[in-house]
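Read the structure below first, then the notes.
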Amino acid sequence: MTQREDALLSRDAEDDPIAIVADAAGAAGATPQVPSPPRSPVAESAMGRAHPHESARAQVMGSAHYIDDLPELKGTLYAAPILSTVAHGTLSGVDPAEALALPGVRGVVLAGDIPGDPVLAAFAHDEPIFARDTVQHVGQVIGLVVADSVMAARRAARKVKLDIAPLPAVLTVQDALAAQSWVLPPVHVRRGDAAGALAAATHRLQGRMEVGGQEHFYLEGQIAYALPLEQGQWWIHSSTQHPGEVQHWVAHALGLDSHAVRVECRRMGGGFGGKETQAGHLAVWAALAAHKFGHPVKLRLDRDDDFVVTGKRHPFAYEWDVGFDDSGRIAGLKLMMAANCGFSADLSGPVADRAVFHCDNAYFLEHVEIASYRCKTNTQSHTAFRGFGGPQGVLAIEAILGDIARHLGLDALDVRLRNLYGVGERDVTHYQMRVEDNILHELLPQLEQSAQYRQRQKAIAAWNAQSPVLKRGLALTPVKFGISFTATLFNQAGALVHVYTDGSVQVNHGGTEMGQGLHTKVAQIVADELGVPLPRVLVAASDTSKVPNASATAASSGTDLNGRAAQYAARTIRDNLAAFVAGLDRCGAGAVRFQGGQVMSPTATRRWEDVVKEAYANRIQLWSDGFYRTPKIHYDKTTLTGRPFFYFAYGAACTEVAIDTQTGESRVLAVDILHDVGRSINPAIDIGQIEGGFIQGMGWLTTEELVWDSTGRLATHAPSTYKIPATGDVPGHLKIALWHEANREDNVGGSKAVGEPPFMLAVSVYEALRNAVAAGRGDAPGAARVALRAPATAENVLRALGRVPD
């Protein structure tokens with residue numbers, strides 16, 4: 001990019017009439033729109049305040065332990081995977097002789113060494129632990145080499161000779177659709193008469209689109225450390241979002257009862273969904289090696305192997321036919337969504353289901369017909385990723401509305417407002433759930449005004465008219481995201497709260513900490529429930545021996561579920577202590593208050609610590625469990641109808657971009673976000689999640705391109721070839737405000753989930769880019785749709801501009 005172009009894109013306030021001055025402190029300078037309660041020395045609350053992440057200091061100092069930091073037991077061995085070099089083929093033999101001849105190599109582990117079920121204990125029971133007779137993708141794990149050092153194991157694994165006869169491979173969604181190759185049967189959801197509405201519509205458009213997958217790129221790669229204990233028991237350290245599933249999978253592979261396997265996870269260095277199921281593979285492989293050799297075994301994938309072994313966000317392909325009136329209101333829609341699931345089902349069923357649930361986003365679809373195909377291909381088995389199919393659904397409807405607006409020559413925000421779910425009318429989703437808490441009719445106009453959307457649209461039009469090379473685009477898009485696991489049984493959680501005799505408090509719950517601040521929020525909730533200062537509360541490692549059968553930390557439900565369970569456990573202890581103090585002071589238990597480290601009755605005030613000691617001396621229980629199940633939800637998975645979500649989280653983003661029409665380069669210039677987190681438990685953490693979710697979504701739609709070659713090899717398997725957003729990609733103006741209203745449902749602290757919904761705010765980037773491309777082509781109303789492949793790399797922008805062949 002030339003110096004002149006770089007200067008033009010820098011949004012200099014003096015030269016650019018649409019410039020918006022960046023926050024002085026950058027993105028971190030955003031101030032939450034949540035008033036803090038007045039401070040007092042007695043009634044200081046933990047919730048609602050911007051407390052630091054519980055591990056922040058340790059992480060900055062390098063003293064926070066991840067699995068690779070744990071002291072290793074004497075005799076620990078190291079494993080490395082033996083990987084398929086063929087996308088699809090018959091596996092006739094494995095020759096490890098050359099590998100076994102290397103110094104320090106102890107041996108190999110293959111399918112014949114599995115004492116239990118050779119198939120993973122996944123829901124669909126369709127994925128072998130190690131490839132046996134056939135291989136299904138390049139990078140499929142055939143076995144392990146075990147050695148005295150990490151590098152010895154990795155070098156030896158590359159020396160293992162494989163006898164694989166290639167078979168025809170299905171590598172694309174289009175090939176899978178043609179072959180009717182599915183990991184699960186197709187799903188169809190209908191409401192009304194889509195065909196009739198389309199036939200009667202004033203206007204009609206058809207389109208097709210593709211969006212790529214996304215690598216999780218967690219900072220801490222996949223890792224497990226398996227320790228055999230006495231009497232057939234096991235202790236597994238796993239970087240996992242789902243310790244309970246790891247426990248189940250390891251026990252299943254070893255032929256043991258679940259009680260013989262303990263799984264622990266203090267923290268992860270990122271997960272984003274990539275460690276919901278697929279951390280289980282590492283744990284199973286490490287445990288099988290430890291079982292065979294009788295030693296602790298650590299297995300850590302290097303970054304290249306992590307890329308080729310593990311699944312990604314599901315790539316999607318779409319086709320649609322939409323009818324609408326002169327104002328842009330949708331009359332009828334037929335939508336086909338095809339998910340590239342890879343070679344096994346993994347979580348593809350619920351991911352594709354959620355895409356169906358969210359293909360309406362914020363809009364009422366009266367007559368709609370949706371076909372969802374779950375395509376089997378010879379690639380890695382794709383898996384959960386932040387948003388869990390929701391982003392793929394939201395992207396489709398937002399692209400359709402953008403097409404409608406450009407076709408009619410209308411402002412896209414007006415078309416979006418025209419199609420919004422109503423309040424008290426036009427408020428039932430295509431899966432028969434009523435939208436009872438819709439705030440978008442208030443939220444969108446507020447962001448429109450604060451972001452100066454209308455003024456900037458006019459200024460951008462003027463800019464584009466005089467700028468022959470650089471073109472700008474602006475888009476404002478909403479998000480309505482359902483909160484709960486779509487599989488109803490997972491909407492439950494347990495917790496333990498222990499109060500020790502010195503007044504300190506320890507919490508165990510079923511959720512896992514992956515940097516999102518779950519443990520911090522749970523500690524805040526427990527601190528307020530007991531009325532103690534936050535430093536008195538410690539959240540310990542997630543541990544299947546403490547809280548059994550825990551659901552995955554996913555679906556943005558970690559705080560909703562585990563926070564409420566911990567609150568209930570703490571409440572039981574508080575009630576025990578209140579009854580004890582009431583007996584001492586001859587008052588009702590309801591008159592006893594816990595605040596600021598003090599316990600107050602109508603007649604006396606005592607230190608928390610003194611009450612705890614006295615209660616212990618009087619044999620009052622100082623620990624309790626808590627359990628929570630999400631209310632109101634129900635869902636028929638055969639028809640995809642019911643109320644799968646407890647509530648919706650809302651938000652909107654206004655994004656401005658610029659493209660270089662000669663090179664295809666693009667830049668996100670400014671972002672204004674207004675997001676709904678209910679009554680924030682921790683505004684600093686929530687804003688951090690909004691920032692991170694948006695930037696990660698921006699990466700998915702702009703730079704993070706996964707490329708498989710014609711043989712099924714992943715060509716983008718390292719940071720050198722796969723580009724996640726860097727600090728220089730963060731827009732200079734990134735302003736985030738929080739919606740002022742508490743959750744209308746009875747959720748913990750009046751809060752709302754925040755992990756996934758902000759990701760879809762980045763759809764505004766894609767729509768702004770399409771507007772910039774339309775400006776670059778000089779489109780008039782009714783022009784051919786802007787067919788911009790996602791991610792919108794420079795090449796894809798040029799292709800959409802018509803500068804390179806399709």
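We name chains A, B, ... following the order of the structure tokens; residues begin at 1 in each chain, and ligands are numbered from 1 as shown.
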Do you know which residues are at most 12 Å from Val146 (chain A) counting only C-alpha atoms, after dropping those on the same chain fewer than 4 positions away, and could you put them as a PyMOL selection string?
-> chain A and resi 76-82+96+99-100+102-110+150-157+285-299
Pull C-alpha atoms from the residues just selected and write them as a PDB file, in the first residue's frame.
ATOM      1  CA  THR A  76       7.364 -39.622  32.481  1.00  0.00           C
ATOM      2  CA  LEU A  77       7.423 -40.537  28.803  1.00  0.00           C
ATOM      3  CA  TYR A  78       6.359 -38.487  25.804  1.00  0.00           C
ATOM      4  CA  ALA A  79       4.148 -39.373  22.870  1.00  0.00           C
ATOM      5  CA  ALA A  80       3.839 -38.079  19.332  1.00  0.00           C
ATOM      6  CA  PRO A  81       1.204 -38.990  16.734  1.00  0.00           C
ATOM      7  CA  ILE A  82       1.677 -41.082  13.618  1.00  0.00           C
ATOM      8  CA  PRO A  96       7.689 -48.862  12.884  1.00  0.00           C
ATOM      9  CA  ALA A  99      11.412 -45.446  14.286  1.00  0.00           C
ATOM     10  CA  LEU A 100      12.117 -48.095  16.921  1.00  0.00           C
ATOM     11  CA  LEU A 102      16.187 -44.437  17.049  1.00  0.00           C
ATOM     12  CA  PRO A 103      17.722 -43.675  20.471  1.00  0.00           C
ATOM     13  CA  GLY A 104      15.262 -43.155  23.296  1.00  0.00           C
ATOM     14  CA  VAL A 105      12.245 -44.670  21.538  1.00  0.00           C
ATOM     15  CA  ARG A 106      10.242 -47.028  23.778  1.00  0.00           C
ATOM     16  CA  GLY A 107       7.675 -48.278  21.286  1.00  0.00           C
ATOM     17  CA  VAL A 108       4.448 -47.568  19.445  1.00  0.00           C
ATOM     18  CA  VAL A 109       0.773 -47.670  20.368  1.00  0.00           C
ATOM     19  CA  LEU A 110      -1.689 -48.831  17.724  1.00  0.00           C
ATOM     20  CA  VAL A 150       9.459 -34.910  23.206  1.00  0.00           C
ATOM     21  CA  MET A 151      11.735 -34.429  20.213  1.00  0.00           C
ATOM     22  CA  ALA A 152      12.739 -38.092  20.079  1.00  0.00           C
ATOM     23  CA  ALA A 153       9.071 -39.057  19.876  1.00  0.00           C
ATOM     24  CA  ARG A 154       8.314 -36.488  17.173  1.00  0.00           C
ATOM     25  CA  ARG A 155      11.316 -37.423  15.049  1.00  0.00           C
ATOM     26  CA  ALA A 156      10.502 -41.112  15.342  1.00  0.00           C
ATOM     27  CA  ALA A 157       6.835 -40.618  14.432  1.00  0.00           C
ATOM     28  CA  TRP A 285      -4.228 -41.269  23.370  1.00  0.00           C
ATOM     29  CA  ALA A 286      -2.013 -40.321  26.318  1.00  0.00           C
ATOM     30  CA  ALA A 287      -3.851 -42.700  28.645  1.00  0.00           C
ATOM     31  CA  LEU A 288      -3.508 -45.600  26.190  1.00  0.00           C
ATOM     32  CA  ALA A 289       0.227 -44.997  25.945  1.00  0.00           C
ATOM     33  CA  ALA A 290       0.528 -44.793  29.724  1.00  0.00           C
ATOM     34  CA  HIS A 291      -1.473 -48.014  30.024  1.00  0.00           C
ATOM     35  CA  LYS A 292       0.780 -49.885  27.620  1.00  0.00           C
ATOM     36  CA  PHE A 293       4.100 -48.718  29.076  1.00  0.00           C
ATOM     37  CA  GLY A 294       3.138 -48.363  32.730  1.00  0.00           C
ATOM     38  CA  HIS A 295       4.525 -44.817  32.960  1.00  0.00           C
ATOM     39  CA  PRO A 296       3.016 -41.340  33.030  1.00  0.00           C
ATOM     40  CA  VAL A 297       2.752 -40.041  29.468  1.00  0.00           C
ATOM     41  CA  LYS A 298       2.474 -36.484  28.212  1.00  0.00           C
ATOM     42  CA  LEU A 299       1.184 -35.735  24.733  1.00  0.00           C
TER      43      LEU A 299
END
Kindly give the distance, in Å, that separates CA of Glu609 (chain A) and CA of Val532 (chain A), rounded to a single decimal.
->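 If I compute the distance from CA of Glu609 (chain A) to CA of Val532 (chain A), I get 9.7 Å.
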Hey, which of A:Ala179, A:Val322, A:Ala774, A:Met209 ends up closest to Ala790 (chain A)? Count only C-alpha atoms.
->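 Of all the options, A:Met209 lies closest to Ala790 (chain A).
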Between A:Glu245, A:Glu656, A:Asp360, A:Asp326, single out the one closest to Ala550 (chain A), counting only C-alpha atoms.
-> A:Glu245
Tell me which protein, DNA and RNA residues are within 8 Å of region 183-195 of chain A, counting only C-alpha atoms, leaving out same-chain ones fewer than 6 positions away, and put them as a list in words.
->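 Returned residues: Gly332, Leu333, Lys334, Cys341, Phe343, Ser344, Ala345, Gly349, Glu366, His367, Val368, Glu369, Ile370, Ala371, Ser372, Tyr373, Arg374, Cys375, Lys376, His430, Tyr431, Thr639 and Leu640 of chain A.
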Which residue out of A:Lys458, A:Arg416, A:Arg607, A:Arg406 has the minimum interatomic distance to Asp502 (chain A) when only C-alpha atoms are used?
->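 Of the candidates, the smallest distance to Asp502 (chain A) is held by A:Arg607.
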Within region 424-646 of chain A, find each residue whose DSSP state, derived from the backbone, is alpha helix (DSSP H), and express the selection as a PyMOL selection string.
-> chain A and resi 440-450+453-466+518-530+558+564-585+608-617
